[in-house]
file work.txt (compact mmCIF, C-alpha atoms)
# COMPACT_ATOMS: atom_id res chain seq x y z
CA MET F 1 150.37 191.09 56.02
CA GLU F 2 150.30 190.38 59.74
CA PRO F 3 151.33 186.75 60.39
CA PHE F 4 148.67 184.16 61.07
CA GLU F 5 148.67 183.46 64.79
CA ILE F 6 148.89 179.77 65.70
CA PHE F 7 147.11 178.74 68.87
CA ASP F 8 147.62 175.01 68.57
CA PRO F 9 144.66 173.12 70.11
CA HIS F 10 146.30 169.70 70.09
CA PHE F 11 149.92 168.93 70.94
CA HIS F 12 151.78 166.57 73.24
CA ILE F 13 154.87 166.62 75.42
CA TRP F 14 156.18 163.56 77.26
CA ASP F 15 159.09 162.02 79.10
CA VAL F 16 159.80 158.38 78.24
CA SER F 17 163.21 158.33 79.91
CA GLU F 18 163.84 155.92 82.78
CA GLY F 19 162.03 157.42 85.73
CA GLY F 20 159.91 159.64 83.46
CA HIS F 21 156.14 159.70 83.74
CA ALA F 22 155.72 157.89 80.40
CA HIS F 23 158.48 155.28 80.70
CA ASN F 24 157.71 151.78 79.30
CA THR F 25 154.81 152.83 77.05
CA VAL F 26 154.00 152.79 73.35
CA LEU F 27 155.37 156.33 73.12
CA GLY F 28 158.97 156.80 72.08
CA PRO F 29 161.74 159.37 71.73
CA VAL F 30 161.27 162.30 69.35
CA ASN F 31 164.32 162.91 67.15
CA GLY F 32 166.35 161.06 69.77
CA ASN F 33 164.94 163.06 72.70
CA GLU F 34 163.47 160.82 75.39
CA CYS F 35 162.14 163.91 77.14
CA PHE F 36 160.24 165.89 74.52
CA ASP F 37 159.42 168.96 76.59
CA ILE F 38 157.84 172.33 75.96
CA LYS F 39 161.14 173.90 74.87
CA LEU F 40 161.56 171.35 72.10
CA TYR F 41 157.91 171.66 71.08
CA GLU F 42 158.17 175.45 70.81
CA ALA F 43 161.43 175.21 68.89
CA ASP F 44 159.69 173.04 66.30
CA LEU F 45 156.64 175.34 66.11
CA ASP F 46 158.94 178.31 65.60
CA LYS F 47 160.09 176.67 62.35
CA VAL F 48 156.68 177.01 60.68
CA PRO F 49 156.45 179.08 57.47
CA LYS F 50 157.08 182.81 57.85
CA GLU F 51 153.35 183.53 57.38
CA PHE F 52 152.75 182.08 60.87
CA GLN F 53 153.65 182.91 64.45
CA HIS F 54 153.14 180.46 67.30
CA ALA F 55 151.49 181.90 70.43
CA GLY F 56 150.59 178.86 72.55
CA GLY F 57 148.14 176.02 72.62
CA VAL F 58 146.39 173.16 74.36
CA PHE F 59 148.37 170.33 75.93
CA LEU F 60 146.62 167.02 75.26
CA GLU F 61 147.14 163.93 77.36
CA ALA F 62 148.91 160.79 76.19
CA ALA F 63 148.02 158.81 79.34
CA SER F 64 145.35 156.98 77.34
CA VAL F 65 148.17 154.96 75.76
CA LEU F 66 150.22 154.45 78.94
CA ASP F 67 150.60 151.21 80.89
CA VAL F 68 147.99 149.11 79.15
CA ASP F 69 148.07 146.42 81.85
CA ILE F 70 146.95 148.65 84.73
CA GLU F 71 143.55 150.19 85.28
CA GLY F 72 141.34 151.86 87.85
CA PRO F 73 143.08 153.68 90.73
CA GLU F 74 146.57 152.81 89.49
CA HIS F 75 145.95 154.30 86.08
CA GLN F 76 144.26 157.33 87.63
CA LYS F 77 147.59 157.98 89.39
CA LYS F 78 149.33 157.89 86.01
CA CYS F 79 146.87 160.45 84.65
CA LEU F 80 147.57 162.79 87.56
CA GLN F 81 151.33 162.31 87.27
CA GLU F 82 151.25 163.21 83.59
CA ALA F 83 149.18 166.34 84.24
CA GLU F 84 151.45 167.45 87.06
CA TRP F 85 154.57 166.93 84.94
CA ALA F 86 153.20 168.81 81.92
CA ILE F 87 151.96 171.77 83.96
CA ARG F 88 155.24 172.00 85.84
CA ASN F 89 157.34 171.72 82.66
CA ILE F 90 155.37 174.39 80.80
CA ALA F 91 155.21 176.81 83.75
CA ALA F 92 158.98 176.61 84.26
CA ASN F 93 160.01 176.96 80.62
CA SER F 94 157.53 179.07 78.64
CA ARG F 95 155.86 182.46 78.64
CA ARG F 96 153.37 181.59 75.94
CA LYS F 97 149.70 180.91 76.66
CA TYR F 98 148.67 177.33 77.37
CA VAL F 99 145.73 175.43 78.78
CA TYR F 100 145.54 171.74 79.62
CA VAL F 101 143.50 168.66 78.74
CA PRO F 102 144.69 165.73 80.88
CA SER F 103 143.07 162.30 81.13
CA ALA F 104 140.98 160.39 83.65
CA CYS F 105 139.48 156.90 83.65
CA LEU F 106 135.83 157.82 83.39
CA GLU F 107 134.81 154.17 83.81
CA ASP F 108 136.30 154.12 87.33
CA PRO F 109 133.45 154.26 89.88
CA ASN F 110 135.56 156.72 91.90
CA VAL F 111 136.41 159.00 88.97
CA GLU F 112 134.78 161.97 90.73
CA THR F 113 137.76 162.00 93.10
CA THR F 114 140.18 162.22 90.18
CA LEU F 115 138.17 164.99 88.52
CA GLN F 116 138.17 166.91 91.79
CA GLN F 117 141.95 166.52 92.08
CA LEU F 118 142.47 167.69 88.51
CA SER F 119 140.13 170.65 88.89
CA THR F 120 142.12 171.90 91.88
CA LEU F 121 145.52 171.10 90.35
CA ASN F 122 145.52 174.07 87.99
CA PRO F 123 142.87 176.65 86.98
CA LYS F 124 143.85 176.26 83.32
CA ILE F 125 142.64 172.67 83.03
CA ARG F 126 139.84 172.85 80.48
CA GLY F 127 138.78 169.31 79.79
CA ILE F 128 139.44 165.59 79.75
CA ARG F 129 140.42 163.28 76.94
CA GLN F 130 140.13 159.54 77.14
CA ILE F 131 140.89 157.76 73.88
CA LEU F 132 137.87 155.66 72.91
CA ASN F 133 138.97 154.05 69.62
CA HIS F 134 137.80 150.43 69.62
CA GLU F 135 138.19 147.88 66.81
CA PRO F 136 140.59 149.03 65.54
CA SER F 137 141.58 149.58 69.15
CA TRP F 138 144.09 152.06 70.44
CA PRO F 139 146.28 150.41 73.10
CA ARG F 140 144.16 150.30 76.26
CA ASN F 141 140.84 149.62 74.56
CA ALA F 142 141.71 146.16 73.30
CA LYS F 143 141.30 145.23 76.97
CA LEU F 144 138.75 147.82 78.13
CA GLY F 145 136.41 147.27 75.18
CA ASN F 146 134.05 149.84 73.71
CA LEU F 147 133.78 152.31 76.58
CA LEU F 148 130.70 153.89 75.00
CA GLU F 149 128.87 150.64 75.84
CA ASN F 150 130.09 150.74 79.47
CA PRO F 151 127.48 152.18 81.89
CA GLU F 152 130.22 153.20 84.34
CA PHE F 153 131.98 155.23 81.64
CA CYS F 154 128.73 156.99 80.74
CA LYS F 155 128.13 157.72 84.41
CA GLY F 156 131.65 159.13 84.74
CA TYR F 157 131.10 161.25 81.62
CA SER F 158 128.10 162.83 83.29
CA GLN F 159 130.37 164.09 86.07
CA LEU F 160 132.31 166.38 83.72
CA ALA F 161 129.68 169.15 83.83
CA LYS F 162 130.02 169.38 87.60
CA PHE F 163 133.66 170.43 87.16
CA ASP F 164 133.12 172.63 84.09
CA LEU F 165 135.17 170.28 81.92
CA SER F 166 134.83 169.56 78.21
CA PHE F 167 135.33 166.15 76.64
CA ASN F 168 137.88 165.67 73.86
CA ALA F 169 136.56 162.72 71.87
CA GLN F 170 138.93 160.51 69.93
CA LEU F 171 136.92 157.65 68.47
CA ASN F 172 136.29 155.58 65.35
CA PRO F 173 133.48 156.23 62.86
CA SER F 174 131.89 152.92 63.94
CA GLN F 175 131.36 154.54 67.37
CA PHE F 176 129.77 157.77 66.12
CA GLU F 177 126.17 156.66 66.71
CA LEU F 178 126.73 155.71 70.36
CA ALA F 179 128.80 158.82 70.96
CA ALA F 180 126.14 161.10 69.51
CA LYS F 181 123.57 159.58 71.85
CA LEU F 182 125.81 160.26 74.87
CA PHE F 183 126.63 163.80 73.74
CA THR F 184 122.94 164.55 73.16
CA GLU F 185 122.06 163.40 76.68
CA HIS F 186 124.61 165.79 78.21
CA PRO F 187 124.43 169.11 76.33
CA SER F 188 126.20 170.97 79.17
CA VAL F 189 129.45 169.08 78.46
CA PRO F 190 131.22 170.76 75.52
CA VAL F 191 132.64 168.19 73.08
CA ILE F 192 135.64 168.52 70.76
CA ILE F 193 135.93 165.77 68.15
CA ASN F 194 139.64 164.98 67.68
CA HIS F 195 141.37 164.41 64.35
CA LEU F 196 138.35 164.71 62.04
CA GLY F 197 136.88 161.66 63.82
CA THR F 198 139.96 159.49 63.00
CA PRO F 199 138.62 158.09 59.74
CA THR F 200 140.67 155.76 57.58
CA LEU F 201 140.59 156.21 53.82
CA ALA F 202 138.06 153.37 53.69
CA ASP F 203 135.80 155.34 56.06
CA LEU F 204 135.78 158.17 53.52
CA THR F 205 135.15 155.89 50.54
CA GLU F 206 133.62 152.42 51.08
CA GLU F 207 132.05 153.41 54.44
CA LYS F 208 131.39 157.06 53.64
CA GLN F 209 127.63 156.89 54.31
CA ARG F 210 128.27 155.88 57.94
CA PHE F 211 130.98 158.52 58.37
CA TRP F 212 128.97 161.41 56.96
CA SER F 213 125.75 160.40 58.71
CA GLY F 214 127.64 160.53 62.00
CA MET F 215 129.25 163.85 61.18
CA GLU F 216 125.90 165.37 60.27
CA THR F 217 124.54 164.25 63.65
CA PHE F 218 127.53 165.76 65.50
CA ALA F 219 127.31 169.01 63.54
CA ALA F 220 123.62 169.35 64.50
CA LEU F 221 124.66 169.51 68.17
CA PRO F 222 125.66 173.13 68.95
CA HIS F 223 127.97 172.09 71.80
CA VAL F 224 130.19 169.95 69.51
CA SER F 225 133.29 171.30 67.74
CA ILE F 226 135.93 169.52 65.65
CA LYS F 227 139.68 169.53 65.07
CA ILE F 228 141.15 169.32 61.58
CA SER F 229 144.29 167.35 62.34
CA MET F 230 146.21 164.06 61.98
CA LEU F 231 145.23 163.86 58.32
CA GLY F 232 148.34 161.77 57.67
CA TYR F 233 146.55 158.96 59.50
CA ILE F 234 144.15 158.83 56.54
CA ASP F 235 146.84 159.13 53.88
CA LYS F 236 150.49 160.02 54.45
CA LYS F 237 150.20 162.15 51.31
CA TRP F 238 146.86 163.66 52.33
CA ASN F 239 147.67 166.98 50.67
CA GLU F 240 147.68 165.16 47.31
CA ASN F 241 144.51 163.17 47.98
CA GLU F 242 141.31 164.78 46.72
CA VAL F 243 139.15 162.55 48.95
CA VAL F 244 140.86 163.90 52.09
CA LYS F 245 140.83 167.51 50.92
CA ASP F 246 137.16 167.27 49.95
CA ALA F 247 136.41 165.81 53.40
CA VAL F 248 138.05 168.79 55.10
CA HIS F 249 136.00 171.16 52.95
CA ARG F 250 132.76 169.32 53.71
CA ILE F 251 133.51 169.24 57.47
CA ILE F 252 134.04 173.00 57.48
CA ASN F 253 130.76 173.50 55.63
CA LEU F 254 128.90 171.14 58.01
CA PHE F 255 130.16 172.60 61.28
CA GLY F 256 130.72 176.14 60.07
CA ILE F 257 134.00 178.02 60.32
CA ASP F 258 133.43 178.97 63.97
CA ARG F 259 133.40 175.36 65.25
CA CYS F 260 136.51 174.11 63.41
CA MET F 261 140.13 174.27 64.54
CA VAL F 262 143.44 173.35 62.90
CA ALA F 263 145.91 171.47 65.11
CA SER F 264 149.48 170.24 64.71
CA ASN F 265 149.20 166.97 66.67
CA HIS F 266 152.94 167.43 67.17
CA PRO F 267 155.02 165.35 67.74
CA SER F 268 152.71 162.41 66.99
CA ASP F 269 152.25 163.52 63.37
CA LEU F 270 156.04 163.60 63.07
CA THR F 271 156.77 160.23 64.66
CA ASP F 272 153.82 158.41 63.09
CA GLN F 273 153.42 160.02 59.66
CA ASN F 274 156.56 162.14 59.18
CA TRP F 275 154.61 165.41 59.06
CA THR F 276 156.47 168.34 60.60
CA PRO F 277 154.71 171.46 61.87
CA TYR F 278 156.21 173.30 58.88
CA SER F 279 154.81 170.86 56.32
CA ASN F 280 151.43 170.62 58.06
CA TYR F 281 150.78 174.36 58.30
CA GLU F 282 152.04 174.99 54.79
CA ALA F 283 149.69 172.31 53.46
CA PHE F 284 146.74 173.70 55.45
CA ARG F 285 147.40 177.23 54.19
CA GLN F 286 147.59 176.06 50.58
CA LEU F 287 144.39 174.03 50.94
CA PHE F 288 142.45 176.90 52.52
CA ASP F 289 143.63 179.28 49.82
CA LYS F 290 142.50 176.78 47.17
CA LEU F 291 139.11 176.53 48.89
CA SER F 292 138.85 180.34 48.78
CA ILE F 293 138.59 180.59 52.57
CA SER F 294 139.15 184.23 53.48
CA LYS F 295 142.18 185.35 55.49
CA GLU F 296 139.84 186.38 58.31
CA ASP F 297 138.31 182.90 58.43
CA GLN F 298 141.74 181.28 58.21
CA ARG F 299 142.72 183.25 61.32
CA LYS F 300 139.73 181.69 63.05
CA LEU F 301 140.82 178.20 62.00
CA PHE F 302 144.43 178.69 63.08
CA ALA F 303 143.85 180.44 66.42
CA THR F 304 140.72 182.44 67.24
CA ASN F 305 138.30 179.52 67.46
CA ALA F 306 140.62 177.42 69.62
CA LYS F 307 141.09 180.25 72.09
CA ARG F 308 137.34 180.73 72.39
CA ILE F 309 136.44 177.04 72.58
CA TYR F 310 139.12 176.33 75.19
CA ARG F 311 138.32 179.53 77.10
CA VAL F 312 141.79 181.05 76.91
CA ARG F 313 142.03 184.25 78.88
call {"tool": "encode", "arguments": {"input": "work.txt", "output": "structure tokens"}}
result
Amino acid sequence: MEPFEIFDPHFHIWDVSEGGHAHNTVLGPVNGNECFDIKLYEADLDKVPKEFQHAGGVFLEAASVLDVDIEGPEHQKKCLQEAEWAIRNIAANSRRKYVYVPSACLEDPNVETTLQQLSTLNPKIRGIRQILNHEPSWPRNAKLGNLLENPEFCKGYSQLAKFDLSFNAQLNPSQFELAAKLFTEHPSVPVIINHLGTPTLADLTEEKQRFWSGMETFAALPHVSIKISMLGYIDKKWNENEVVKDAVHRIINLFGIDRCMVASNHPSDLTDQNWTPYSNYEAFRQLFDKLSISKEDQRKLFATNAKRIYRVR
């Protein structure tokens, strides 16, 4: 059988060494490497099971967790520096296909300038991610608050369509209702929900009504897609947890095969939950086989959908 192509729609590279773009942040070395670059990422993805072959992917920003004490124009500079470094590193060291999703501070009244700079930086920039998780808050949002309640953020979000940029949404289930309202108001901005909506196990059990109500609302919006990834955040042994596996199955049924994508979230899954690309893709393959998902549809989940959604040419 021809190997399953992997077009990984969510991975990170970073440089936390002194003088690196991500120095003095919550990010850390990966297997002792302060500069985890595209060569190291590809080396790890080349160790996936023999049924797979890595072909490229989507670089996702980590600037949303950088320098929590700066904001506005100073943090916009950090977003641009990260994008410039990633594009330069990949262009110099890889022949595989990649596109880019950097960050921008959408709540900055002058964010249009940053979006203009990013749009002219590289023609393969496809979208923006700004981590929104609030209470529990990912690093910057303990100070910034719930950005979905910030009128300036919503105004900045509306600028994305002007630059033909999607929005990669990482948020908590408690924010689904506000997010759905924003997404509905701007149907020309494609949305990709990150990491299954970052639920905890409690969100899939005690709070499951809120989680699934939000997911049903997202799935009803034709411009919203979703990534099946970072499942170790729910349970480090997610592949043994029937609640998590059932959630993946239900998400696929809600959104339909064509709007779902499998992602490695490497190296964050490794550093945070000890999931390697090998163990992740093996677990996904076993789960999809158990769910009787056809090989053709598995190819969509592992590569075809991501290439279409992120407009890979």
call {"tool": "axis_aligned_box", "arguments": {"input": "work.txt", "around": "range 268-275 of chain F", "padding_each_side": "4 Å", "output": "JSON"}}
result
{"center_x": 154.5, "center_y": 161.9, "center_z": 63.0, "size_x": 12.5, "size_y": 15.0, "size_z": 15.9}
call {"tool": "closest_residue", "arguments": {"input": "work.txt", "among": "F:Gln286, F:Ser268, F:Thr198, F:Ser225", "to": "Trp14 in chain F", "atoms": "only C-alpha atoms"}}
result
F:Ser268
call {"tool": "residues_around", "arguments": {"input": "work.txt", "residues": "Val58 in chain F", "least_positions_apart": "3", "cutoff": "9 Å", "atoms": "all atoms listed in the file", "output": "list of chain:residue names"}}
result
F:Phe7, F:Asp8, F:Pro9, F:His10, F:Phe11, F:His12, F:Lys97, F:Tyr98, F:Val99, F:Tyr100, F:Val101, F:Arg126, F:Ala306, F:Tyr310
call {"tool": "closest_residue", "arguments": {"input": "work.txt", "among": "F:Pro102, F:Pro187, F:Pro277, F:Pro109", "to": "Pro73 in chain F", "atoms": "all atoms listed in the file"}}
result
F:Pro109
call {"tool": "atom_distance", "arguments": {"input": "work.txt", "atom1": "CA of Leu201 in chain F", "atom2": "CA of Gln170 in chain F"}}
result
16.8 Å
call {"tool": "decode", "arguments": {"input": "work.txt", "residues": "range 89-132 of chain F", "atoms": "N, CA and C atoms", "output": "PDB file, in the first residue's frame"}}
result
ATOM      1  N   ASN F  89      14.552  30.104   8.358  1.00  0.00           N
ATOM      2  CA  ASN F  89      15.090  28.800   8.741  1.00  0.00           C
ATOM      3  C   ASN F  89      14.576  27.696   7.829  1.00  0.00           C
ATOM      4  N   ILE F  90      13.286  27.722   7.521  1.00  0.00           N
ATOM      5  CA  ILE F  90      12.702  26.684   6.667  1.00  0.00           C
ATOM      6  C   ILE F  90      13.204  26.822   5.236  1.00  0.00           C
ATOM      7  N   ALA F  91      13.239  28.041   4.717  1.00  0.00           N
ATOM      8  CA  ALA F  91      13.684  28.245   3.330  1.00  0.00           C
ATOM      9  C   ALA F  91      15.118  27.776   3.128  1.00  0.00           C
ATOM     10  N   ALA F  92      15.962  27.953   4.146  1.00  0.00           N
ATOM     11  CA  ALA F  92      17.382  27.623   4.003  1.00  0.00           C
ATOM     12  C   ALA F  92      17.674  26.144   4.204  1.00  0.00           C
ATOM     13  N   ASN F  93      16.735  25.401   4.815  1.00  0.00           N
ATOM     14  CA  ASN F  93      17.081  24.048   5.253  1.00  0.00           C
ATOM     15  C   ASN F  93      16.121  22.944   4.816  1.00  0.00           C
ATOM     16  N   SER F  94      15.107  23.263   4.023  1.00  0.00           N
ATOM     17  CA  SER F  94      14.153  22.222   3.639  1.00  0.00           C
ATOM     18  C   SER F  94      13.665  22.410   2.219  1.00  0.00           C
ATOM     19  N   ARG F  95      13.346  21.291   1.579  1.00  0.00           N
ATOM     20  CA  ARG F  95      12.733  21.311   0.260  1.00  0.00           C
ATOM     21  C   ARG F  95      11.291  20.812   0.304  1.00  0.00           C
ATOM     22  N   ARG F  96      10.791  20.555   1.482  1.00  0.00           N
ATOM     23  CA  ARG F  96       9.413  20.115   1.615  1.00  0.00           C
ATOM     24  C   ARG F  96       8.474  21.322   1.571  1.00  0.00           C
ATOM     25  N   LYS F  97       7.179  21.050   1.443  1.00  0.00           N
ATOM     26  CA  LYS F  97       6.212  22.138   1.286  1.00  0.00           C
ATOM     27  C   LYS F  97       5.731  22.634   2.648  1.00  0.00           C
ATOM     28  N   TYR F  98       5.811  23.945   2.838  1.00  0.00           N
ATOM     29  CA  TYR F  98       5.354  24.555   4.077  1.00  0.00           C
ATOM     30  C   TYR F  98       4.604  25.846   3.801  1.00  0.00           C
ATOM     31  N   VAL F  99       3.640  26.132   4.668  1.00  0.00           N
ATOM     32  CA  VAL F  99       3.014  27.447   4.725  1.00  0.00           C
ATOM     33  C   VAL F  99       3.066  27.900   6.182  1.00  0.00           C
ATOM     34  N   TYR F 100       2.685  29.159   6.431  1.00  0.00           N
ATOM     35  CA  TYR F 100       2.986  29.770   7.713  1.00  0.00           C
ATOM     36  C   TYR F 100       1.756  30.424   8.349  1.00  0.00           C
ATOM     37  N   VAL F 101       1.652  30.252   9.677  1.00  0.00           N
ATOM     38  CA  VAL F 101       0.631  30.931  10.464  1.00  0.00           C
ATOM     39  C   VAL F 101       1.334  31.621  11.632  1.00  0.00           C
ATOM     40  N   PRO F 102       1.754  32.865  11.448  1.00  0.00           N
ATOM     41  CA  PRO F 102       2.383  33.625  12.532  1.00  0.00           C
ATOM     42  C   PRO F 102       1.329  34.205  13.462  1.00  0.00           C
ATOM     43  N   SER F 103       1.740  35.133  14.328  1.00  0.00           N
ATOM     44  CA  SER F 103       0.804  35.771  15.247  1.00  0.00           C
ATOM     45  C   SER F 103       0.791  37.272  15.038  1.00  0.00           C
ATOM     46  N   ALA F 104      -0.225  37.903  15.593  1.00  0.00           N
ATOM     47  CA  ALA F 104      -0.340  39.357  15.641  1.00  0.00           C
ATOM     48  C   ALA F 104      -1.247  39.684  16.814  1.00  0.00           C
ATOM     49  N   CYS F 105      -1.044  40.847  17.414  1.00  0.00           N
ATOM     50  CA  CYS F 105      -1.884  41.280  18.535  1.00  0.00           C
ATOM     51  C   CYS F 105      -3.122  41.970  17.964  1.00  0.00           C
ATOM     52  N   LEU F 106      -4.176  41.221  17.785  1.00  0.00           N
ATOM     53  CA  LEU F 106      -5.351  41.783  17.125  1.00  0.00           C
ATOM     54  C   LEU F 106      -6.016  42.877  17.957  1.00  0.00           C
ATOM     55  N   GLU F 107      -5.724  42.924  19.249  1.00  0.00           N
ATOM     56  CA  GLU F 107      -6.309  43.973  20.091  1.00  0.00           C
ATOM     57  C   GLU F 107      -5.586  45.310  19.963  1.00  0.00           C
ATOM     58  N   ASP F 108      -4.433  45.329  19.278  1.00  0.00           N
ATOM     59  CA  ASP F 108      -3.680  46.563  19.074  1.00  0.00           C
ATOM     60  C   ASP F 108      -4.428  47.439  18.063  1.00  0.00           C
ATOM     61  N   PRO F 109      -4.729  48.676  18.396  1.00  0.00           N
ATOM     62  CA  PRO F 109      -5.443  49.548  17.456  1.00  0.00           C
ATOM     63  C   PRO F 109      -4.740  49.710  16.116  1.00  0.00           C
ATOM     64  N   ASN F 110      -3.420  49.474  16.089  1.00  0.00           N
ATOM     65  CA  ASN F 110      -2.651  49.604  14.850  1.00  0.00           C
ATOM     66  C   ASN F 110      -2.310  48.251  14.235  1.00  0.00           C
ATOM     67  N   VAL F 111      -3.117  47.232  14.537  1.00  0.00           N
ATOM     68  CA  VAL F 111      -2.800  45.883  14.047  1.00  0.00           C
ATOM     69  C   VAL F 111      -2.802  45.803  12.523  1.00  0.00           C
ATOM     70  N   GLU F 112      -3.547  46.674  11.854  1.00  0.00           N
ATOM     71  CA  GLU F 112      -3.580  46.640  10.387  1.00  0.00           C
ATOM     72  C   GLU F 112      -2.176  46.789   9.810  1.00  0.00           C
ATOM     73  N   THR F 113      -1.342  47.588  10.463  1.00  0.00           N
ATOM     74  CA  THR F 113       0.044  47.752  10.003  1.00  0.00           C
ATOM     75  C   THR F 113       0.797  46.438  10.090  1.00  0.00           C
ATOM     76  N   THR F 114       0.627  45.724  11.194  1.00  0.00           N
ATOM     77  CA  THR F 114       1.292  44.426  11.355  1.00  0.00           C
ATOM     78  C   THR F 114       0.793  43.423  10.327  1.00  0.00           C
ATOM     79  N   LEU F 115      -0.510  43.379  10.099  1.00  0.00           N
ATOM     80  CA  LEU F 115      -1.061  42.452   9.108  1.00  0.00           C
ATOM     81  C   LEU F 115      -0.543  42.779   7.710  1.00  0.00           C
ATOM     82  N   GLN F 116      -0.388  44.047   7.413  1.00  0.00           N
ATOM     83  CA  GLN F 116       0.173  44.449   6.126  1.00  0.00           C
ATOM     84  C   GLN F 116       1.618  43.988   6.012  1.00  0.00           C
ATOM     85  N   GLN F 117       2.392  44.138   7.081  1.00  0.00           N
ATOM     86  CA  GLN F 117       3.794  43.707   7.068  1.00  0.00           C
ATOM     87  C   GLN F 117       3.895  42.201   6.886  1.00  0.00           C
ATOM     88  N   LEU F 118       3.045  41.467   7.575  1.00  0.00           N
ATOM     89  CA  LEU F 118       3.069  40.010   7.451  1.00  0.00           C
ATOM     90  C   LEU F 118       2.645  39.568   6.056  1.00  0.00           C
ATOM     91  N   SER F 119       1.648  40.220   5.499  1.00  0.00           N
ATOM     92  CA  SER F 119       1.143  39.803   4.191  1.00  0.00           C
ATOM     93  C   SER F 119       2.167  40.022   3.093  1.00  0.00           C
ATOM     94  N   THR F 120       3.062  40.975   3.301  1.00  0.00           N
ATOM     95  CA  THR F 120       4.106  41.233   2.296  1.00  0.00           C
ATOM     96  C   THR F 120       5.407  40.518   2.618  1.00  0.00           C
ATOM     97  N   LEU F 121       5.487  39.919   3.818  1.00  0.00           N
ATOM     98  CA  LEU F 121       6.714  39.229   4.221  1.00  0.00           C
ATOM     99  C   LEU F 121       6.948  37.972   3.404  1.00  0.00           C
ATOM    100  N   ASN F 122       5.880  37.217   3.159  1.00  0.00           N
ATOM    101  CA  ASN F 122       6.007  35.960   2.420  1.00  0.00           C
ATOM    102  C   ASN F 122       4.639  35.583   1.849  1.00  0.00           C
ATOM    103  N   PRO F 123       4.583  35.163   0.587  1.00  0.00           N
ATOM    104  CA  PRO F 123       3.286  34.822  -0.019  1.00  0.00           C
ATOM    105  C   PRO F 123       2.668  33.543   0.534  1.00  0.00           C
ATOM    106  N   LYS F 124       3.416  32.799   1.350  1.00  0.00           N
ATOM    107  CA  LYS F 124       2.896  31.552   1.908  1.00  0.00           C
ATOM    108  C   LYS F 124       2.343  31.721   3.314  1.00  0.00           C
ATOM    109  N   ILE F 125       2.191  32.951   3.771  1.00  0.00           N
ATOM    110  CA  ILE F 125       1.508  33.185   5.047  1.00  0.00           C
ATOM    111  C   ILE F 125       0.010  33.038   4.817  1.00  0.00           C
ATOM    112  N   ARG F 126      -0.602  32.141   5.583  1.00  0.00           N
ATOM    113  CA  ARG F 126      -1.996  31.772   5.332  1.00  0.00           C
ATOM    114  C   ARG F 126      -2.972  32.234   6.405  1.00  0.00           C
ATOM    115  N   GLY F 127      -2.462  32.606   7.556  1.00  0.00           N
ATOM    116  CA  GLY F 127      -3.381  32.987   8.609  1.00  0.00           C
ATOM    117  C   GLY F 127      -2.658  33.527   9.817  1.00  0.00           C
ATOM    118  N   ILE F 128      -3.425  33.784  10.857  1.00  0.00           N
ATOM    119  CA  ILE F 128      -2.935  34.308  12.122  1.00  0.00           C
ATOM    120  C   ILE F 128      -3.451  33.404  13.232  1.00  0.00           C
ATOM    121  N   ARG F 129      -2.600  33.160  14.216  1.00  0.00           N
ATOM    122  CA  ARG F 129      -3.102  32.578  15.461  1.00  0.00           C
ATOM    123  C   ARG F 129      -2.745  33.508  16.604  1.00  0.00           C
ATOM    124  N   GLN F 130      -3.706  33.731  17.465  1.00  0.00           N
ATOM    125  CA  GLN F 130      -3.462  34.405  18.730  1.00  0.00           C
ATOM    126  C   GLN F 130      -4.159  33.567  19.785  1.00  0.00           C
ATOM    127  N   ILE F 131      -3.396  32.997  20.699  1.00  0.00           N
ATOM    128  CA  ILE F 131      -3.976  32.129  21.717  1.00  0.00           C
ATOM    129  C   ILE F 131      -4.950  32.921  22.582  1.00  0.00           C
ATOM    130  N   LEU F 132      -6.165  32.392  22.730  1.00  0.00           N
ATOM    131  CA  LEU F 132      -7.233  33.096  23.433  1.00  0.00           C
ATOM    132  C   LEU F 132      -7.552  32.515  24.807  1.00  0.00           C
TER     133      LEU F 132
END
